[in-house]
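J.: The structure follows.
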Amino acid sequence: MKATAQLIKESVLCYHCGEECPDKKNVLKEKYFCCSGCKMVYEILNQNELCTYYDLNENPGIAQSIKIRADKFEFLEDQSIAQKLINFSDNKQTQVTLYLPQMHCSSCLWLLENVNKINKGIISSRVNFSSKEVFIIFDNKQTTLRSVVETLATIGYEPHISLQDINTIGTKKSTSNRLYKIGISGFCFANIMMMSFPEYFSIGGFLEKEIGSALHYFIIALSLPVIFYCASEFFVTAWKGFKNKFLNIDLPIAIAIAITFLRSIYEISSGTGSGYLDSMSGIVFFMLVGRLVQDRTYRSISFDRDFKSFFPIAVNVLRDGHFTPVAVDKISINDIIQIHAHELIPVDAILSKGNAEIDYSFVTGESIPVATQTGEIVYAGGKQLSSNIELVVIKEVSQSYLTNLWNKDIFKSEKASTSIIHSISKYFTAIVLLIGSIAAIYWHQRGQSLLMWNALTTILIVACPCALLLSSTFTNGNILRILSKHKFYLRHPDVIEDLSKINHIVFDKTGTLTQNKKVKVNYDGIELTEEQKRSISTLLAASTHPLSRIVYDYLGGNDQEEIISFKTVVGKGIEGWVNEKHIKIGSQNFVNTNQSQDNSSSDGSSVFIKIDEQVLGAFYIKNSYRFGFNEVIQQLKSKFRLSVLSGDNDAEANYLHKVLGNETELLFNQHPEEKLEYIAYLQQIKNAKVLMIGDGLNDSGALKKSNVGIALTEDTNNFTPASDGILDATQFARLPQFIAFAQSGRNIIISSFVLSIMYNIIGLYFAVQGTLSPLVAALLMPSSSLSIILITYGMSEYAGRRHGLQ
């Protein structure tokens, strides 16, 4: 007889966070809460008259099932650490900016800007929602940095403070400088255009000399901040490329801007013309706006995280008989450190006290936690899941396994750009300068100096790659916007083109193809009685093995019996006497059974149950694969070669072969170095363009080495390894559409290039003959660029809809 245990409950959602309530014990004012933590947050908000928080959005809070230790932020009392986090401090007040990854809705914004009602020492708080930061000013006499952080943590917004934060404080890039440039160039451009209208529309070219001269001087004055400040980044980038013997796309832009400015100054000062400073300022303004569009798409996402992003700032170290907070980089060999439940281990150490259950999934990819005994080594990067433990440090942070993994050469190198724009720029500038030189020489030999300068200036204006660069910039910006709208964030426009060229996709398994912390449990065998469930649960409760915990939770955790002669056989199972019955739980060999495992539920780990001499059945445990997994694989394997790399064991190899097919290479028990070497093998031996998709720090080397590395995450505000892009796990099923859209994006950029070249050829034909004046060329350049921008923008919108990305 076969049975599957099922438990049906009436679903009740937490009033605070919306999580399902496992029971109805936590009740207040007819409102149910999933845990005492959520209930406590509600009480705090209610006492401070802040329950409007719940009116703005339904269930806006963050689950508080993991309680915060009273001494967790004690390290903030260390002034050497606190000073690295503080923006400004004097005798009266302190200003600090804190990163709150939990921020997600208008309720969060409202509560955080009213947090001063909870902590009276806070003078003001201002939220930057896009970067998920809160800027807080507090009174030094009424509160402290530790108290402020604890207040935020208590209401569900624990700031993320890591070792990387204190090492890089104040180095975050800001777009404010570019915004200033856009504002100044836009102001100058508009006013220069207005001052140019009288001359454009003067009858018969007549304009009073005094008025004309005054307007010209005003125009020159307005053009100076544009050329020397707003356009500075084009000149800097062009010069850097020139020094490195690389003709980048900014060089012809810089030359065109410089020539237009100098020619305009010459014409105005000599009285031979009115110049083209309006066009020059317009070029700069539109180029800066285009670049801002790109930057804003991904500026709030961090793609360059290293292992320090995951480390705490300080841990408790035994000094003079008691534990005190010590900065992680100050930990020495032989120090005794204390690690609490759900904390990350920052150094390699030996377990000296407590029961360790270490989750190494982020470092090795192994999905099942490791039960570690006293005297065994635990490695940096693992997370302790159960009770407090004490460790004896054997390596400092700088020498730990995780640090050595990160310090490999691959993390110090940058990927070479393969953008079509950069490829064109190698030849574009040289060709333009060559044509301009030939035209100048031709007219100079005929004694036509005016036509010589007209031709040279017009050629540089007409052939300026602004149309190409502006259209590609705005198109890429729109593609990035569409992708980010669907929670796929790319670090740079070049990634779009790289993504369009891939022909081999490599997946990490644990946490990428499978869902984190979710497993499927099926029982196959004789139906268990309630008494048998209690006896089995009692024996399982005495074991620290992760599989024992999973089965224990599945049975409901009812362990009220007494155990006699409990015994653990390492690597095999557990046994003992409960209610005068001998129970064995473990592997198939351990319980001495030949029970068939030919059903689909046997793909995964198995835990067999034997009571006295009867084998009752087995619990089959397998990972839960992501929504749309089968459909994604079927779509991708028809177009790309696929591989799966996993730090996990091969328990699910049969299932993966059924879905992926025998042509897909599956590699299990892979260490980080082996993953990196496999990517290098595909690139160097198979000449493959590789897309690597992973989620853990153990995937970092492979993500960096691949042509495109995408980090998959359950939460885009969480910390992911360095990558070219970040994909929200909920959008995994859209992966084929994202790749197809990137390929369409590259075709659109090529189309914009063709349109720009057609415009350049027509303009050059007339410019070389001297029949096209610089003024007309300067007026035509923005209009042609705008038309190409609108065409390519429309094409990108259409491509998005065609691939289901409205």
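Residue numbering restarts at 1 in every chain; chains get A, B, ... in the order shown in the structure tokens, and ligands count up from 1 in that same order.
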For the structure I just gave you, how does DSSP split stretch 10-115 of chain A - specifically, which residues are strand (DSSP E or B)? Reply as a list in words.
T.: Leu13, Glu20, Val27, Leu28, Lys31, Tyr32, Ile86, Asn87, Phe88, Ser89, Gln93, Thr94, Gln95, Val96, Thr97, Leu98 and Tyr99 of chain A
J.: Applying 12 Å and only C-alpha atoms, which residues near A:Glu343 remain after dropping the ones on its own chain fewer than 3 positions away? List them as number ranges by chain.
T.: A: 66, 68-69, 72, 310-316, 338-340, 346, 356-359, 380-389
J.: Would you mind exporting the chosen residues as a PDB file, in the first residue's frame, restricted to C-alpha atoms?
T.:
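For reference, part.pdb as written:
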```
ATOM      1  CA  ILE A  66      14.600  35.710  12.841  1.00  0.00           C
ATOM      2  CA  ILE A  68      17.801  40.286  16.287  1.00  0.00           C
ATOM      3  CA  ARG A  69      20.306  39.793  19.106  1.00  0.00           C
ATOM      4  CA  LYS A  72      24.333  42.485  17.356  1.00  0.00           C
ATOM      5  CA  PHE A 310      28.938  39.498   2.357  1.00  0.00           C
ATOM      6  CA  PHE A 311      31.109  39.843   5.452  1.00  0.00           C
ATOM      7  CA  PRO A 312      30.028  41.483   8.693  1.00  0.00           C
ATOM      8  CA  ILE A 313      32.103  44.400   9.940  1.00  0.00           C
ATOM      9  CA  ALA A 314      32.822  42.800  13.300  1.00  0.00           C
ATOM     10  CA  VAL A 315      32.411  39.540  15.232  1.00  0.00           C
ATOM     11  CA  ASN A 316      32.604  38.703  18.919  1.00  0.00           C
ATOM     12  CA  GLN A 338      31.619  33.456  18.536  1.00  0.00           C
ATOM     13  CA  ILE A 339      29.233  32.940  15.615  1.00  0.00           C
ATOM     14  CA  HIS A 340      25.488  33.174  16.142  1.00  0.00           C
ATOM     15  CA  PRO A 346      34.419  35.282   8.005  1.00  0.00           C
ATOM     16  CA  ALA A 356      27.596  23.375  13.773  1.00  0.00           C
ATOM     17  CA  GLU A 357      25.267  23.063  10.806  1.00  0.00           C
ATOM     18  CA  ILE A 358      27.015  24.969   8.019  1.00  0.00           C
ATOM     19  CA  ASP A 359      25.363  26.080   4.791  1.00  0.00           C
ATOM     20  CA  ALA A 380      35.002  31.219   5.427  1.00  0.00           C
ATOM     21  CA  GLY A 381      31.793  31.919   3.541  1.00  0.00           C
ATOM     22  CA  GLY A 382      29.731  29.253   5.281  1.00  0.00           C
ATOM     23  CA  LYS A 383      26.635  30.275   7.251  1.00  0.00           C
ATOM     24  CA  GLN A 384      25.822  28.756  10.640  1.00  0.00           C
ATOM     25  CA  LEU A 385      22.173  27.696  10.633  1.00  0.00           C
ATOM     26  CA  SER A 386      21.502  26.425  14.141  1.00  0.00           C
ATOM     27  CA  SER A 387      22.697  27.499  17.611  1.00  0.00           C
ATOM     28  CA  ASN A 388      25.697  29.607  18.688  1.00  0.00           C
ATOM     29  CA  ILE A 389      29.157  28.127  18.109  1.00  0.00           C
TER      30      ILE A 389
END
```
J.: Determine, counting only C-alpha atoms, which protein, DNA and RNA residues have an atom within 12 Å of an atom of A:Leu391; residues of the same chain fewer than 6 positions away are not included. Present the result as a ChimeraX atom specification.
T.: /A:315-318,331,333-340,345-356,372-380,384
J.: Taking the backbone alone, and naming residues the way the document does, which bits of stretch 30-209 of chain A are alpha helix (DSSP H) by DSSP, as a short mmCIF file (atom, residue, chain, number, x, y, z; two decimals) with N, CA and C atoms, in the first residue's frame?
T.:
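The new file states.cif reads:
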```cif
data_model
loop_
_atom_site.label_atom_id
_atom_site.label_comp_id
_atom_site.auth_asym_id
_atom_site.auth_seq_id
_atom_site.Cartn_x
_atom_site.Cartn_y
_atom_site.Cartn_z
N SER A 36 6.15 36.29 16.53
CA SER A 36 6.15 37.32 17.57
C SER A 36 6.87 38.58 17.12
N GLY A 37 7.84 38.43 16.19
CA GLY A 37 8.57 39.59 15.68
C GLY A 37 7.66 40.54 14.92
N CYS A 38 6.83 40.01 14.02
CA CYS A 38 5.89 40.85 13.27
C CYS A 38 4.88 41.51 14.22
N LYS A 39 4.44 40.75 15.21
CA LYS A 39 3.50 41.30 16.19
C LYS A 39 4.13 42.45 16.96
N MET A 40 5.42 42.31 17.31
CA MET A 40 6.12 43.34 18.06
C MET A 40 6.26 44.62 17.23
N VAL A 41 6.55 44.48 15.93
CA VAL A 41 6.66 45.66 15.07
C VAL A 41 5.33 46.40 15.01
N TYR A 42 4.24 45.65 14.88
CA TYR A 42 2.92 46.28 14.87
C TYR A 42 2.67 47.05 16.16
N GLU A 43 3.04 46.45 17.29
CA GLU A 43 2.84 47.11 18.59
C GLU A 43 3.62 48.41 18.67
N ILE A 44 4.85 48.40 18.17
CA ILE A 44 5.67 49.61 18.19
C ILE A 44 5.03 50.71 17.34
N LEU A 45 4.60 50.35 16.14
CA LEU A 45 3.99 51.34 15.26
C LEU A 45 2.68 51.85 15.84
N ASN A 46 1.92 50.96 16.45
CA ASN A 46 0.64 51.34 17.03
C ASN A 46 0.83 52.31 18.20
N GLN A 47 1.84 52.02 19.05
CA GLN A 47 2.12 52.88 20.20
C GLN A 47 2.55 54.27 19.77
N TYR A 53 1.00 53.32 8.08
CA TYR A 53 1.91 52.43 7.34
C TYR A 53 1.13 51.30 6.67
N TYR A 54 0.14 50.74 7.36
CA TYR A 54 -0.63 49.61 6.84
C TYR A 54 -1.76 50.04 5.92
N ASP A 55 -2.09 51.33 5.92
CA ASP A 55 -3.16 51.83 5.07
C ASP A 55 -2.69 52.08 3.64
N LEU A 56 -1.40 52.41 3.49
CA LEU A 56 -0.86 52.76 2.17
C LEU A 56 -0.73 51.55 1.26
N GLN A 79 34.40 53.66 18.02
CA GLN A 79 34.49 54.89 17.23
C GLN A 79 35.29 54.71 15.95
N SER A 80 36.27 53.82 15.95
CA SER A 80 37.09 53.61 14.74
C SER A 80 36.25 53.01 13.62
N ILE A 81 35.24 52.22 14.00
CA ILE A 81 34.34 51.64 13.00
C ILE A 81 33.25 52.63 12.63
N ALA A 82 32.65 53.26 13.64
CA ALA A 82 31.55 54.19 13.40
C ALA A 82 31.97 55.36 12.51
N GLN A 83 33.19 55.86 12.70
CA GLN A 83 33.64 57.00 11.92
C GLN A 83 33.73 56.70 10.43
N LYS A 84 33.93 55.43 10.09
CA LYS A 84 34.01 55.06 8.68
C LYS A 84 32.65 55.02 8.01
N LEU A 85 31.59 55.02 8.82
CA LEU A 85 30.23 54.99 8.28
C LEU A 85 29.57 56.37 8.29
N SER A 106 5.67 52.43 -1.07
CA SER A 106 5.41 53.76 -0.51
C SER A 106 5.23 53.71 1.01
N SER A 107 4.76 52.57 1.54
CA SER A 107 4.63 52.42 2.99
C SER A 107 5.99 52.51 3.66
N CYS A 108 6.98 51.87 3.02
CA CYS A 108 8.35 51.92 3.56
C CYS A 108 8.84 53.37 3.60
N LEU A 109 8.64 54.08 2.49
CA LEU A 109 9.09 55.46 2.40
C LEU A 109 8.45 56.31 3.50
N TRP A 110 7.12 56.15 3.67
CA TRP A 110 6.40 56.95 4.67
C TRP A 110 6.90 56.65 6.08
N LEU A 111 7.07 55.37 6.40
CA LEU A 111 7.49 55.00 7.75
C LEU A 111 8.91 55.50 8.04
N LEU A 112 9.82 55.34 7.08
CA LEU A 112 11.21 55.73 7.31
C LEU A 112 11.37 57.24 7.45
N LEU A 145 24.62 56.20 17.10
CA LEU A 145 24.52 55.49 15.84
C LEU A 145 23.98 54.08 16.07
N ARG A 146 24.45 53.43 17.13
CA ARG A 146 23.96 52.09 17.43
C ARG A 146 22.45 52.11 17.68
N SER A 147 21.98 53.08 18.44
CA SER A 147 20.55 53.16 18.75
C SER A 147 19.72 53.42 17.50
N VAL A 148 20.23 54.24 16.59
CA VAL A 148 19.53 54.52 15.34
C VAL A 148 19.41 53.25 14.50
N VAL A 149 20.51 52.53 14.37
CA VAL A 149 20.50 51.28 13.59
C VAL A 149 19.57 50.25 14.23
N GLU A 150 19.60 50.15 15.56
CA GLU A 150 18.73 49.21 16.26
C GLU A 150 17.25 49.57 16.08
N THR A 151 16.94 50.86 16.05
CA THR A 151 15.57 51.30 15.82
C THR A 151 15.08 50.85 14.45
N LEU A 152 15.92 51.05 13.42
CA LEU A 152 15.56 50.62 12.07
C LEU A 152 15.40 49.11 12.00
N ALA A 153 16.31 48.38 12.66
CA ALA A 153 16.24 46.92 12.64
C ALA A 153 14.99 46.41 13.34
N THR A 154 14.60 47.09 14.42
CA THR A 154 13.43 46.67 15.20
C THR A 154 12.15 46.74 14.39
N LEU A 163 31.84 44.65 5.46
CA LEU A 163 33.27 45.01 5.46
C LEU A 163 33.61 45.86 4.24
N GLN A 164 32.95 45.59 3.12
CA GLN A 164 33.22 46.38 1.92
C GLN A 164 32.75 47.83 2.09
N ASP A 165 31.64 48.00 2.83
CA ASP A 165 31.11 49.34 3.05
C ASP A 165 32.12 50.26 3.72
N ILE A 166 32.80 49.76 4.76
CA ILE A 166 33.73 50.63 5.49
C ILE A 166 35.03 50.83 4.74
N ASN A 167 35.30 49.97 3.74
CA ASN A 167 36.52 50.13 2.95
C ASN A 167 36.31 51.02 1.73
N THR A 168 35.04 51.22 1.34
CA THR A 168 34.77 51.99 0.13
C THR A 168 33.86 53.18 0.39
N SER A 176 25.24 63.16 -10.24
CA SER A 176 24.98 64.59 -10.03
C SER A 176 25.85 65.46 -10.94
N ASN A 177 27.10 65.07 -11.17
CA ASN A 177 27.99 65.86 -12.01
C ASN A 177 27.45 65.95 -13.43
N ARG A 178 26.95 64.80 -13.95
CA ARG A 178 26.39 64.82 -15.30
C ARG A 178 25.10 65.62 -15.36
N LEU A 179 24.31 65.55 -14.30
CA LEU A 179 23.08 66.35 -14.26
C LEU A 179 23.39 67.83 -14.30
N TYR A 180 24.44 68.25 -13.59
CA TYR A 180 24.86 69.65 -13.65
C TYR A 180 25.23 70.03 -15.08
N LYS A 181 25.97 69.14 -15.75
CA LYS A 181 26.41 69.42 -17.12
C LYS A 181 25.22 69.53 -18.07
N ILE A 182 24.25 68.63 -17.88
CA ILE A 182 23.05 68.67 -18.73
C ILE A 182 22.28 69.96 -18.49
N GLY A 183 22.14 70.35 -17.23
CA GLY A 183 21.43 71.57 -16.91
C GLY A 183 22.10 72.80 -17.50
N ILE A 184 23.42 72.87 -17.35
CA ILE A 184 24.16 74.04 -17.87
C ILE A 184 24.13 74.06 -19.40
N SER A 185 24.41 72.92 -20.03
CA SER A 185 24.43 72.88 -21.50
C SER A 185 23.05 73.15 -22.08
N GLY A 186 21.99 72.62 -21.41
CA GLY A 186 20.63 72.88 -21.88
C GLY A 186 20.27 74.35 -21.79
N PHE A 187 20.64 74.98 -20.68
CA PHE A 187 20.39 76.41 -20.50
C PHE A 187 21.11 77.23 -21.56
N CYS A 188 22.40 76.92 -21.75
CA CYS A 188 23.20 77.68 -22.73
C CYS A 188 22.69 77.45 -24.15
N PHE A 189 22.37 76.18 -24.46
CA PHE A 189 21.88 75.85 -25.81
C PHE A 189 20.60 76.62 -26.13
N ALA A 190 19.65 76.63 -25.18
CA ALA A 190 18.38 77.32 -25.41
C ALA A 190 18.59 78.81 -25.61
N ASN A 191 19.43 79.42 -24.79
CA ASN A 191 19.64 80.86 -24.90
C ASN A 191 20.44 81.24 -26.13
N ILE A 192 21.41 80.40 -26.52
CA ILE A 192 22.17 80.67 -27.74
C ILE A 192 21.24 80.61 -28.96
N MET A 193 20.33 79.61 -28.95
CA MET A 193 19.37 79.50 -30.05
C MET A 193 18.49 80.75 -30.13
N MET A 194 18.01 81.22 -28.98
CA MET A 194 17.16 82.41 -28.95
C MET A 194 17.90 83.63 -29.47
N MET A 195 19.17 83.76 -29.08
CA MET A 195 19.95 84.92 -29.53
C MET A 195 20.35 84.81 -30.99
N SER A 196 20.25 83.59 -31.56
CA SER A 196 20.60 83.41 -32.97
C SER A 196 19.43 83.69 -33.89
N PHE A 197 18.19 83.66 -33.35
CA PHE A 197 17.00 83.85 -34.17
C PHE A 197 17.00 85.19 -34.93
N PRO A 198 17.38 86.31 -34.30
CA PRO A 198 17.36 87.59 -35.05
C PRO A 198 18.18 87.54 -36.33
N GLU A 199 19.32 86.86 -36.27
CA GLU A 199 20.15 86.80 -37.47
C GLU A 199 19.58 85.81 -38.48
N TYR A 200 18.99 84.69 -37.97
CA TYR A 200 18.38 83.72 -38.88
C TYR A 200 17.27 84.37 -39.72
N LYS A 209 24.33 96.77 -36.32
CA LYS A 209 25.66 96.31 -35.96
C LYS A 209 25.85 96.19 -34.46
#
```
J.: Rank A:Asp648, A:Asn476, A:Asn140, A:Met280 by their smallest atom-to-atom distance to A:Leu222, using only C-alpha atoms, and report the top residue only.
T.: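 Using only C-alpha atoms, A:Leu222 sits closest to A:Met280.
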J.: If you measure from atom CA of A:Trp453 to atom CA of A:Phe234, what distance in Å do you get, rounded to one decimal?
T.: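 According to the coordinates, atom CA of A:Trp453 and atom CA of A:Phe234 are separated by 23.8 Å.
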J.: List the spatial neighbours of A:Asn579 as a list in words - criterion: any atom at most 10 Å away, only C-alpha atoms, same-chain residues fewer than 2 positions off excluded.
T.: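 Skipping anything fewer than 2 positions along the chain leaves Glu531, Gln532, Ser535, Glu561, Glu562, Ile563, Ile564, Trp577, Lys581, His582 and Ile583 of chain A.
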J.: List the spatial neighbours of A:Ile726 as a PyMOL selection string - criterion: any atom at most 6 Å away, only C-alpha atoms, same-chain residues fewer than 4 positions off excluded.
T.: chain A and resi 488-489+710-712
J.: So how many Å separate atom CA of A:Glu396 and atom CA of A:Ser332, to one decimal?
T.: 5.8 Å
J.: Show which residues sit within 6 Å of stretch 619-623 of chain A, as a list in words. Count only C-alpha atoms, and ignore same-chain residues fewer than 6 positions away.
T.: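 Listing them by chain and then by number gives Val519, Lys520, Val521, Asn522, Tyr523, Ser602, Gly604, Ser605, Ser606 and Val607 of chain A.
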J.: Could those residues be written to a file, using all heavy atoms, as a compact mmCIF listing (two decimals), in the first residue's frame?
T.:
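Here's the written file selection.txt:
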```
# COMPACT_ATOMS: atom_id res chain seq x y z
N VAL A 519 12.43 22.35 -1.18
CA VAL A 519 12.59 20.96 -1.60
C VAL A 519 11.22 20.30 -1.68
O VAL A 519 10.26 20.74 -1.03
CB VAL A 519 13.49 20.17 -0.63
CG1 VAL A 519 14.91 20.70 -0.66
CG2 VAL A 519 12.93 20.22 0.79
N LYS A 520 11.14 19.27 -2.47
CA LYS A 520 9.93 18.46 -2.56
C LYS A 520 10.17 17.15 -1.82
O LYS A 520 11.20 16.50 -2.03
CB LYS A 520 9.58 18.18 -4.02
CG LYS A 520 9.13 19.41 -4.80
CD LYS A 520 8.78 19.03 -6.23
CE LYS A 520 8.31 20.24 -7.03
NZ LYS A 520 8.01 19.89 -8.43
N VAL A 521 9.25 16.80 -0.96
CA VAL A 521 9.36 15.56 -0.20
C VAL A 521 8.18 14.66 -0.56
O VAL A 521 7.02 15.08 -0.46
CB VAL A 521 9.38 15.82 1.32
CG1 VAL A 521 9.52 14.51 2.09
CG2 VAL A 521 10.51 16.78 1.69
N ASN A 522 8.46 13.44 -0.97
CA ASN A 522 7.43 12.45 -1.26
C ASN A 522 7.70 11.19 -0.44
O ASN A 522 8.85 10.75 -0.35
CB ASN A 522 7.40 12.09 -2.75
CG ASN A 522 6.90 13.22 -3.61
OD1 ASN A 522 5.92 13.87 -3.27
ND2 ASN A 522 7.59 13.48 -4.71
N TYR A 523 6.64 10.65 0.13
CA TYR A 523 6.78 9.40 0.88
C TYR A 523 6.20 8.27 0.03
O TYR A 523 5.08 8.35 -0.47
CB TYR A 523 6.04 9.48 2.21
CG TYR A 523 6.01 8.15 2.93
CD1 TYR A 523 7.17 7.62 3.49
CD2 TYR A 523 4.83 7.42 3.04
CE1 TYR A 523 7.16 6.40 4.13
CE2 TYR A 523 4.80 6.20 3.69
CZ TYR A 523 5.99 5.68 4.23
OH TYR A 523 5.97 4.47 4.86
N SER A 602 12.16 8.95 -7.11
CA SER A 602 13.46 8.50 -6.60
C SER A 602 14.62 9.33 -7.12
O SER A 602 15.76 9.09 -6.77
CB SER A 602 13.69 7.02 -6.98
OG SER A 602 13.76 6.88 -8.38
N GLY A 604 16.73 11.94 -6.61
CA GLY A 604 17.11 12.81 -5.51
C GLY A 604 17.64 12.00 -4.34
O GLY A 604 18.01 10.83 -4.49
N SER A 605 17.68 12.62 -3.17
CA SER A 605 18.14 11.92 -1.97
C SER A 605 16.99 11.08 -1.40
O SER A 605 15.82 11.43 -1.52
CB SER A 605 18.63 12.93 -0.93
OG SER A 605 19.66 13.72 -1.46
N SER A 606 17.35 9.99 -0.76
CA SER A 606 16.33 9.11 -0.19
C SER A 606 16.65 8.81 1.27
O SER A 606 17.81 8.65 1.65
CB SER A 606 16.23 7.81 -0.99
OG SER A 606 17.49 7.17 -1.07
N VAL A 607 15.60 8.71 2.10
CA VAL A 607 15.72 8.37 3.52
C VAL A 607 14.75 7.22 3.79
O VAL A 607 13.52 7.39 3.74
CB VAL A 607 15.38 9.58 4.41
CG1 VAL A 607 15.46 9.18 5.89
CG2 VAL A 607 16.31 10.75 4.12
```
J.: When distances are computed from only C-alpha atoms, which of A:Thr538, A:Thr94, A:Ser213, A:Thr473 shows the smallest separation from A:His492?
T.: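 Closest to A:His492, using only C-alpha atoms: A:Thr473.
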